[in-house]
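Peer 1: Encoded as structure tokens, here's the structure I'll be asking about.
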Amino acid sequence: MSKKLEKFGDQTPFCEPYWYQGGFSPYYHEGHVAFRAKVRRFVDEHIRPNVDKWIKTGYPASLHVKAYEAGIQGVLYPREHGGTRPADFDPFYELILWDEMSRSCGGGVLGQMGINSMALPPILLFGSDYLKDKVVKDVVQGRKNICLAISEPFAGSDVANLQTTAVRDGDYYVVNGLKKWITGGLMGDFFTCAVRTGDKGFGGLSLLLIERSMPGVAIRKMETQFDNAHNTTFITLTDVRVPVRNLIGEENQGFMMIMVNFNHERFLIAAGACRAARMCYSEAFKWAMSRKTFGKRLIKHQIIRHKLAEMARMIEALYSDLERVAYQFKCGVPDWKLGGQCALLKVNASKTFEFCAREASQIFGGSSIVKEGR
């Protein structure tokens, strides 16, 4: 049954999701409302005041423990693994989490929380009890971190043609290869790593848990276009001896695990991109209300109104897409059946965010390319 909830946050049109501004929704209840307030309070108190500083220095790893203690980081995970998932948990809690966390105004603060949620599921779903005991609780509770290590200089989206090899040598795999664009590598204690254990193509891939402390693991930061408080890294693996018991699932079955895992990644990335696009709209709208050109406020120019209307149209459509996919997850549709929907969702999110960033830059004019002032 649809329900109208108490208004929350910024009531400027389209600066918040529709249900924050008095709209009816069949998806949300008081548990969602309380969690939304908790995440917003954490972001406003602990993240937003420090973003500019942390973009230059990186954010402190201890922030993950603080987020766990606040009941935020653990919400995605079962209680038996140290999580704080409520009894009425559903995918809309996760949608709220990534949407609210993305209000931090960019910079990647607590970005590792999203990466952890991408790299842990293969262990939770397919890993042995040994691997779960070794990794999961420490990551869930913020003491350690885990990254995905899939992409390579030779193959990003072309996962089936990864070249990093893992050759069996008794009770070990000897791993050699390169991993590129690995988000969060400087913070990672563990890596869910795609390796080739068999023949060419998708049928020869496996997943291994590689530990940062293993000899032969070298990690360096890759400089990116925009400074951020997180990091993108390049990893070199040279004769890394990984115990066979660190195999995640079955040998040569890694490709399907990766493909299934991608759908959750697409969902959380799209949720973050949607809020980032909304922040672009919000800042541009408020700037247009205050800035004057040719004797009148920017908002009075028809072309500016058109830009804002197009931004709002795309953002609201994207948010509806997110809710539709979240509802499919809630109804028990398995990840592997949602590949097409999640792929379209991520494309829609990418196009929406790019469009809103570009149009906001046009509305801000020269102020959009400097780091001082408005």
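Each chain of the structure tokens is named A, B, ... in the order shown, its residues numbered from 1; ligands are numbered from 1 in display order.
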Which residues of range 201-233 of chain A come within 10 Å of range 54-59 of chain A, and for each one, what is the closest pair of atoms and their distance in Å to one decimal, counting only C-alpha atoms, sorted by chain and residue number, as a tab-separated table?
Peer 2:
```
residue	atom	partner	partner_atom	distance
A:Phe226	CA	A:Ile55	CA	9.4
A:Asp227	CA	A:Ile55	CA	6.1
A:Asn228	CA	A:Ile55	CA	4.6
A:Ala229	CA	A:Gly58	CA	4.0
A:His230	CA	A:Gly58	CA	6.0
A:Asn231	CA	A:Gly58	CA	8.1
```
Peer 1: Restrict the selected residues to all heavy atoms and save them as a compact mmCIF listing (two decimals), in the first residue's frame.
Peer 2:
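Output contents, as saved in part32.txt:
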```
# COMPACT_ATOMS: atom_id res chain seq x y z
N PHE A 226 40.83 13.65 -11.54
CA PHE A 226 40.29 14.41 -10.42
C PHE A 226 40.86 13.87 -9.12
O PHE A 226 40.89 12.66 -8.90
CB PHE A 226 38.76 14.32 -10.40
CG PHE A 226 38.12 14.97 -9.20
CD1 PHE A 226 38.14 16.35 -9.07
CD2 PHE A 226 37.50 14.21 -8.22
CE1 PHE A 226 37.56 16.96 -7.98
CE2 PHE A 226 36.92 14.81 -7.13
CZ PHE A 226 36.94 16.19 -7.00
N ASP A 227 41.35 14.76 -8.26
CA ASP A 227 41.83 14.32 -6.95
C ASP A 227 40.67 13.70 -6.18
O ASP A 227 39.53 14.13 -6.29
CB ASP A 227 42.35 15.53 -6.15
CG ASP A 227 43.56 16.17 -6.79
OD1 ASP A 227 44.29 15.45 -7.50
OD2 ASP A 227 43.77 17.37 -6.60
N ASN A 228 40.95 12.68 -5.40
CA ASN A 228 39.91 12.14 -4.54
C ASN A 228 40.51 11.55 -3.27
O ASN A 228 41.70 11.30 -3.19
CB ASN A 228 39.06 11.11 -5.28
CG ASN A 228 39.81 9.85 -5.63
OD1 ASN A 228 40.07 9.01 -4.76
ND2 ASN A 228 40.16 9.68 -6.89
N ALA A 229 39.65 11.34 -2.29
CA ALA A 229 40.09 10.88 -0.99
C ALA A 229 40.27 9.37 -0.95
O ALA A 229 40.71 8.83 0.05
CB ALA A 229 39.08 11.30 0.08
N HIS A 230 39.92 8.71 -2.03
CA HIS A 230 40.10 7.27 -2.15
C HIS A 230 41.31 7.06 -3.06
O HIS A 230 42.22 7.85 -3.09
CB HIS A 230 38.81 6.65 -2.70
CG HIS A 230 38.64 5.20 -2.36
ND1 HIS A 230 37.83 4.36 -3.08
CD2 HIS A 230 39.18 4.44 -1.40
CE1 HIS A 230 37.88 3.16 -2.56
NE2 HIS A 230 38.69 3.17 -1.54
N ASN A 231 41.38 5.96 -3.80
CA ASN A 231 42.53 5.79 -4.70
C ASN A 231 42.25 4.76 -5.77
O ASN A 231 41.42 3.86 -5.60
CB ASN A 231 43.78 5.38 -3.90
CG ASN A 231 43.58 4.14 -3.07
OD1 ASN A 231 43.69 3.01 -3.55
ND2 ASN A 231 43.26 4.33 -1.79
```
Peer 1: So which residues touch range 159-165 of chain A within 12 Å, counting only C-alpha atoms, skipping near sequence neighbours fewer than 6 positions away, as a PDB file with N, CA and C atoms, in the first residue's frame?
Peer 2:
```pdb
ATOM      1  N   ALA A 149      40.029  -7.352  -7.822  1.00  0.00           N
ATOM      2  CA  ALA A 149      41.187  -7.240  -8.718  1.00  0.00           C
ATOM      3  C   ALA A 149      40.889  -8.065  -9.962  1.00  0.00           C
ATOM      4  N   ILE A 150      40.206  -7.446 -10.899  1.00  0.00           N
ATOM      5  CA  ILE A 150      39.780  -8.143 -12.115  1.00  0.00           C
ATOM      6  C   ILE A 150      40.424  -7.526 -13.346  1.00  0.00           C
ATOM      7  N   SER A 151      40.246  -6.226 -13.552  1.00  0.00           N
ATOM      8  CA  SER A 151      40.720  -5.563 -14.773  1.00  0.00           C
ATOM      9  C   SER A 151      42.240  -5.610 -14.909  1.00  0.00           C
ATOM     10  N   GLU A 152      42.691  -5.632 -16.142  1.00  0.00           N
ATOM     11  CA  GLU A 152      44.119  -5.684 -16.463  1.00  0.00           C
ATOM     12  C   GLU A 152      44.432  -4.681 -17.571  1.00  0.00           C
ATOM     13  N   PRO A 153      45.711  -4.385 -17.794  1.00  0.00           N
ATOM     14  CA  PRO A 153      46.064  -3.490 -18.903  1.00  0.00           C
ATOM     15  C   PRO A 153      45.552  -4.009 -20.242  1.00  0.00           C
ATOM     16  N   TYR A 173      49.050 -21.983  -5.464  1.00  0.00           N
ATOM     17  CA  TYR A 173      49.022 -21.454  -6.823  1.00  0.00           C
ATOM     18  C   TYR A 173      50.123 -20.404  -6.893  1.00  0.00           C
ATOM     19  N   VAL A 174      50.878 -20.405  -7.972  1.00  0.00           N
ATOM     20  CA  VAL A 174      51.887 -19.361  -8.193  1.00  0.00           C
ATOM     21  C   VAL A 174      51.290 -18.370  -9.187  1.00  0.00           C
ATOM     22  N   VAL A 175      51.074 -17.136  -8.726  1.00  0.00           N
ATOM     23  CA  VAL A 175      50.331 -16.133  -9.490  1.00  0.00           C
ATOM     24  C   VAL A 175      51.285 -15.099 -10.076  1.00  0.00           C
ATOM     25  N   ASN A 176      51.116 -14.835 -11.375  1.00  0.00           N
ATOM     26  CA  ASN A 176      51.887 -13.804 -12.069  1.00  0.00           C
ATOM     27  C   ASN A 176      50.964 -13.001 -12.980  1.00  0.00           C
ATOM     28  N   GLY A 177      51.112 -11.696 -12.939  1.00  0.00           N
ATOM     29  CA  GLY A 177      50.301 -10.862 -13.824  1.00  0.00           C
ATOM     30  C   GLY A 177      50.190  -9.440 -13.330  1.00  0.00           C
ATOM     31  N   LEU A 178      49.371  -8.657 -14.039  1.00  0.00           N
ATOM     32  CA  LEU A 178      49.172  -7.241 -13.742  1.00  0.00           C
ATOM     33  C   LEU A 178      47.687  -6.958 -13.593  1.00  0.00           C
ATOM     34  N   LYS A 179      47.350  -6.102 -12.624  1.00  0.00           N
ATOM     35  CA  LYS A 179      45.975  -5.666 -12.432  1.00  0.00           C
ATOM     36  C   LYS A 179      45.956  -4.138 -12.453  1.00  0.00           C
ATOM     37  N   LYS A 180      45.015  -3.571 -13.215  1.00  0.00           N
ATOM     38  CA  LYS A 180      44.980  -2.128 -13.431  1.00  0.00           C
ATOM     39  C   LYS A 180      43.609  -1.555 -13.080  1.00  0.00           C
ATOM     40  N   CYS A 193      40.607 -11.795  -6.492  1.00  0.00           N
ATOM     41  CA  CYS A 193      41.406 -11.661  -7.714  1.00  0.00           C
ATOM     42  C   CYS A 193      41.019 -12.702  -8.760  1.00  0.00           C
ATOM     43  N   ALA A 194      40.772 -12.231  -9.977  1.00  0.00           N
ATOM     44  CA  ALA A 194      40.487 -13.130 -11.097  1.00  0.00           C
ATOM     45  C   ALA A 194      41.802 -13.579 -11.728  1.00  0.00           C
ATOM     46  N   VAL A 195      41.960 -14.879 -11.874  1.00  0.00           N
ATOM     47  CA  VAL A 195      43.192 -15.458 -12.431  1.00  0.00           C
ATOM     48  C   VAL A 195      42.834 -16.547 -13.426  1.00  0.00           C
ATOM     49  N   ARG A 196      43.803 -16.856 -14.288  1.00  0.00           N
ATOM     50  CA  ARG A 196      43.598 -17.936 -15.261  1.00  0.00           C
ATOM     51  C   ARG A 196      44.259 -19.209 -14.725  1.00  0.00           C
ATOM     52  N   THR A 197      43.429 -20.186 -14.442  1.00  0.00           N
ATOM     53  CA  THR A 197      43.905 -21.496 -13.966  1.00  0.00           C
ATOM     54  C   THR A 197      43.763 -22.574 -15.027  1.00  0.00           C
ATOM     55  N   GLY A 198      43.060 -22.226 -16.129  1.00  0.00           N
ATOM     56  CA  GLY A 198      42.815 -23.222 -17.162  1.00  0.00           C
ATOM     57  C   GLY A 198      43.072 -22.688 -18.552  1.00  0.00           C
ATOM     58  N   ASP A 199      42.303 -23.173 -19.520  1.00  0.00           N
ATOM     59  CA  ASP A 199      42.489 -22.807 -20.921  1.00  0.00           C
ATOM     60  C   ASP A 199      42.046 -21.370 -21.194  1.00  0.00           C
ATOM     61  N   LYS A 200      42.236 -20.936 -22.437  1.00  0.00           N
ATOM     62  CA  LYS A 200      41.813 -19.608 -22.847  1.00  0.00           C
ATOM     63  C   LYS A 200      40.288 -19.499 -22.773  1.00  0.00           C
ATOM     64  N   GLY A 201      39.815 -18.255 -22.675  1.00  0.00           N
ATOM     65  CA  GLY A 201      38.378 -18.029 -22.651  1.00  0.00           C
ATOM     66  C   GLY A 201      37.802 -18.056 -21.248  1.00  0.00           C
ATOM     67  N   PHE A 202      36.467 -17.884 -21.188  1.00  0.00           N
ATOM     68  CA  PHE A 202      35.820 -17.740 -19.889  1.00  0.00           C
ATOM     69  C   PHE A 202      35.872 -19.015 -19.054  1.00  0.00           C
ATOM     70  N   GLY A 203      36.051 -20.159 -19.692  1.00  0.00           N
ATOM     71  CA  GLY A 203      36.046 -21.418 -18.948  1.00  0.00           C
ATOM     72  C   GLY A 203      37.318 -21.697 -18.175  1.00  0.00           C
ATOM     73  N   GLY A 204      38.329 -20.826 -18.296  1.00  0.00           N
ATOM     74  CA  GLY A 204      39.583 -21.079 -17.603  1.00  0.00           C
ATOM     75  C   GLY A 204      39.885 -20.122 -16.467  1.00  0.00           C
ATOM     76  N   LEU A 205      38.848 -19.389 -16.011  1.00  0.00           N
ATOM     77  CA  LEU A 205      39.064 -18.391 -14.964  1.00  0.00           C
ATOM     78  C   LEU A 205      38.632 -18.886 -13.589  1.00  0.00           C
ATOM     79  N   SER A 206      39.387 -18.475 -12.581  1.00  0.00           N
ATOM     80  CA  SER A 206      39.058 -18.778 -11.190  1.00  0.00           C
ATOM     81  C   SER A 206      39.198 -17.513 -10.356  1.00  0.00           C
ATOM     82  N   LEU A 207      38.661 -17.565  -9.140  1.00  0.00           N
ATOM     83  CA  LEU A 207      38.830 -16.475  -8.194  1.00  0.00           C
ATOM     84  C   LEU A 207      39.690 -16.947  -7.026  1.00  0.00           C
ATOM     85  N   LEU A 208      40.686 -16.140  -6.689  1.00  0.00           N
ATOM     86  CA  LEU A 208      41.545 -16.421  -5.547  1.00  0.00           C
ATOM     87  C   LEU A 208      41.493 -15.250  -4.574  1.00  0.00           C
ATOM     88  N   ILE A 235      48.477  -2.966  -9.706  1.00  0.00           N
ATOM     89  CA  ILE A 235      49.022  -4.038  -8.878  1.00  0.00           C
ATOM     90  C   ILE A 235      49.846  -4.983  -9.747  1.00  0.00           C
ATOM     91  N   THR A 236      51.056  -5.238  -9.308  1.00  0.00           N
ATOM     92  CA  THR A 236      51.931  -6.201  -9.968  1.00  0.00           C
ATOM     93  C   THR A 236      52.047  -7.447  -9.086  1.00  0.00           C
ATOM     94  N   LEU A 237      51.789  -8.595  -9.686  1.00  0.00           N
ATOM     95  CA  LEU A 237      51.845  -9.875  -8.972  1.00  0.00           C
ATOM     96  C   LEU A 237      52.992 -10.686  -9.560  1.00  0.00           C
ATOM     97  N   THR A 238      54.018 -10.925  -8.749  1.00  0.00           N
ATOM     98  CA  THR A 238      55.220 -11.618  -9.218  1.00  0.00           C
ATOM     99  C   THR A 238      55.490 -12.848  -8.365  1.00  0.00           C
ATOM    100  N   ASP A 239      55.246 -14.008  -8.947  1.00  0.00           N
ATOM    101  CA  ASP A 239      55.478 -15.281  -8.245  1.00  0.00           C
ATOM    102  C   ASP A 239      54.848 -15.286  -6.857  1.00  0.00           C
ATOM    103  N   VAL A 240      53.617 -14.825  -6.778  1.00  0.00           N
ATOM    104  CA  VAL A 240      52.911 -14.801  -5.491  1.00  0.00           C
ATOM    105  C   VAL A 240      52.392 -16.207  -5.194  1.00  0.00           C
ATOM    106  N   ARG A 241      52.803 -16.755  -4.071  1.00  0.00           N
ATOM    107  CA  ARG A 241      52.374 -18.104  -3.694  1.00  0.00           C
ATOM    108  C   ARG A 241      51.112 -18.005  -2.824  1.00  0.00           C
ATOM    109  N   VAL A 242      50.009 -18.455  -3.407  1.00  0.00           N
ATOM    110  CA  VAL A 242      48.703 -18.361  -2.756  1.00  0.00           C
ATOM    111  C   VAL A 242      48.234 -19.767  -2.383  1.00  0.00           C
ATOM    112  N   ASN A 252      38.151 -22.870 -12.156  1.00  0.00           N
ATOM    113  CA  ASN A 252      37.658 -22.626 -13.518  1.00  0.00           C
ATOM    114  C   ASN A 252      36.174 -22.249 -13.580  1.00  0.00           C
ATOM    115  N   GLN A 253      35.596 -21.872 -12.447  1.00  0.00           N
ATOM    116  CA  GLN A 253      34.200 -21.429 -12.423  1.00  0.00           C
ATOM    117  C   GLN A 253      34.091 -19.941 -12.071  1.00  0.00           C
ATOM    118  N   GLY A 254      35.202 -19.229 -12.173  1.00  0.00           N
ATOM    119  CA  GLY A 254      35.227 -17.843 -11.732  1.00  0.00           C
ATOM    120  C   GLY A 254      34.437 -16.881 -12.602  1.00  0.00           C
ATOM    121  N   PHE A 255      34.353 -17.178 -13.897  1.00  0.00           N
ATOM    122  CA  PHE A 255      33.700 -16.239 -14.810  1.00  0.00           C
ATOM    123  C   PHE A 255      32.242 -16.003 -14.414  1.00  0.00           C
ATOM    124  N   MET A 256      31.508 -17.067 -14.123  1.00  0.00           N
ATOM    125  CA  MET A 256      30.099 -16.911 -13.774  1.00  0.00           C
ATOM    126  C   MET A 256      29.938 -16.170 -12.447  1.00  0.00           C
ATOM    127  N   MET A 257      30.847 -16.403 -11.507  1.00  0.00           N
ATOM    128  CA  MET A 257      30.790 -15.672 -10.239  1.00  0.00           C
ATOM    129  C   MET A 257      30.983 -14.181 -10.483  1.00  0.00           C
ATOM    130  N   ILE A 258      31.921 -13.848 -11.366  1.00  0.00           N
ATOM    131  CA  ILE A 258      32.187 -12.440 -11.684  1.00  0.00           C
ATOM    132  C   ILE A 258      30.966 -11.807 -12.350  1.00  0.00           C
ATOM    133  N   MET A 259      30.370 -12.509 -13.309  1.00  0.00           N
ATOM    134  CA  MET A 259      29.238 -11.961 -14.048  1.00  0.00           C
ATOM    135  C   MET A 259      28.047 -11.706 -13.131  1.00  0.00           C
ATOM    136  N   PHE A 262      28.676  -8.645 -10.937  1.00  0.00           N
ATOM    137  CA  PHE A 262      28.625  -7.358 -11.624  1.00  0.00           C
ATOM    138  C   PHE A 262      27.267  -6.670 -11.467  1.00  0.00           C
TER     139      PHE A 262
END
```
Peer 1: Skip Met279 in chain A itself and residues of its chain fewer than 5 positions away, then list as a ChimeraX atom specification all residues within 10 Å of it, counting only C-alpha atoms.
Peer 2: /A:14-16,102-106,273-274,284-285,353,356-357,360
Peer 1: Leaving out Tyr327 in chain A and any residue of its chain fewer than 2 positions from it, which residues lie within 12 Å of it when counting only C-alpha atoms, given as a PyMOL selection string?
Peer 2: chain A and resi 26-28+90-95+267+320-325+329-334+338
Peer 1: With only C-alpha atoms as the counted atoms, please give the residues lying no more than 10 Å from His29 in chain A, apart from itself and same-chain residues fewer than 6 positions off, as a short mmCIF file (atom, residue, chain, number, x, y, z; two decimals) with N, CA, C and O atoms, in the first residue's frame.
Peer 2:
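Result saved to selection16.cif:
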```cif
data_model
loop_
_atom_site.label_atom_id
_atom_site.label_comp_id
_atom_site.auth_asym_id
_atom_site.auth_seq_id
_atom_site.Cartn_x
_atom_site.Cartn_y
_atom_site.Cartn_z
N SER A 2 0.53 2.21 -0.82
CA SER A 2 1.29 3.45 -0.89
C SER A 2 1.14 4.24 0.39
O SER A 2 0.08 4.23 1.03
N LYS A 3 2.20 4.93 0.76
CA LYS A 3 2.20 5.68 2.00
C LYS A 3 2.89 7.01 1.78
O LYS A 3 3.88 7.09 1.06
N LYS A 4 2.34 8.05 2.41
CA LYS A 4 2.96 9.36 2.35
C LYS A 4 3.71 9.59 3.65
O LYS A 4 3.11 9.55 4.74
N LEU A 5 5.01 9.80 3.57
CA LEU A 5 5.85 9.95 4.74
C LEU A 5 6.17 11.42 5.01
O LEU A 5 6.01 12.28 4.13
N ASP A 88 13.88 -6.24 9.11
CA ASP A 88 13.06 -5.93 7.92
C ASP A 88 13.91 -5.46 6.74
O ASP A 88 13.42 -4.79 5.83
N PHE A 92 15.86 -1.70 -0.48
CA PHE A 92 15.64 -0.26 -0.39
C PHE A 92 16.49 0.37 0.70
O PHE A 92 16.82 1.55 0.64
#
```
Peer 1: Give the answer as one residue: which of A:Val140, A:Leu318, A:Met118, A:Leu209 has the shortest atom-to-atom distance to Leu247 in chain A, using only C-alpha atoms?
Peer 2: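 Counting only C-alpha atoms, the residue closest to Leu247 in chain A is A:Leu209.
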Peer 1: With distances taken over only C-alpha atoms, which of A:Ala87, A:Ala61, A:Ala276, A:Ile369 is nearest to Val109 in chain A?
Peer 2: A:Ala61
Peer 1: Could you please determine the separation between CA of Ala218 in chain A and CA of Asp169 in chain A in Å, to one decimal place?
Peer 2: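 We find that CA of Ala218 in chain A and CA of Asp169 in chain A lie 21.5 Å from each other.
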Peer 1: Per DSSP on the backbone, what are the alpha helix (DSSP H) residues of range 184-257 of chain A, as a PyMOL selection string?
Peer 2: chain A and resi 254-257
Peer 1: Would you mind exporting the chosen residues as a PDB file, in the first residue's frame, restricted to C-alpha atoms?
Peer 2:
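What follows is the written file result_26.pdb:
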```pdb
ATOM      1  CA  GLY A 254      35.227 -17.843 -11.732  1.00  0.00           C
ATOM      2  CA  PHE A 255      33.700 -16.239 -14.810  1.00  0.00           C
ATOM      3  CA  MET A 256      30.099 -16.911 -13.774  1.00  0.00           C
ATOM      4  CA  MET A 257      30.790 -15.672 -10.239  1.00  0.00           C
TER       5      MET A 257
END
```
Peer 1: Using the chain letters and numbers from this document, which residues of range 171-276 of chain A does DSSP assign to strand (DSSP E or B), as a PyMOL selection string?
Peer 2: chain A and resi 172-183+190-196+205-211+217-222+232-243+247-248
Peer 1: What is the distance, in Å and to one decimal place, between CA of Thr192 in chain A and CA of Cys147 in chain A?
Peer 2: 6.2 Å
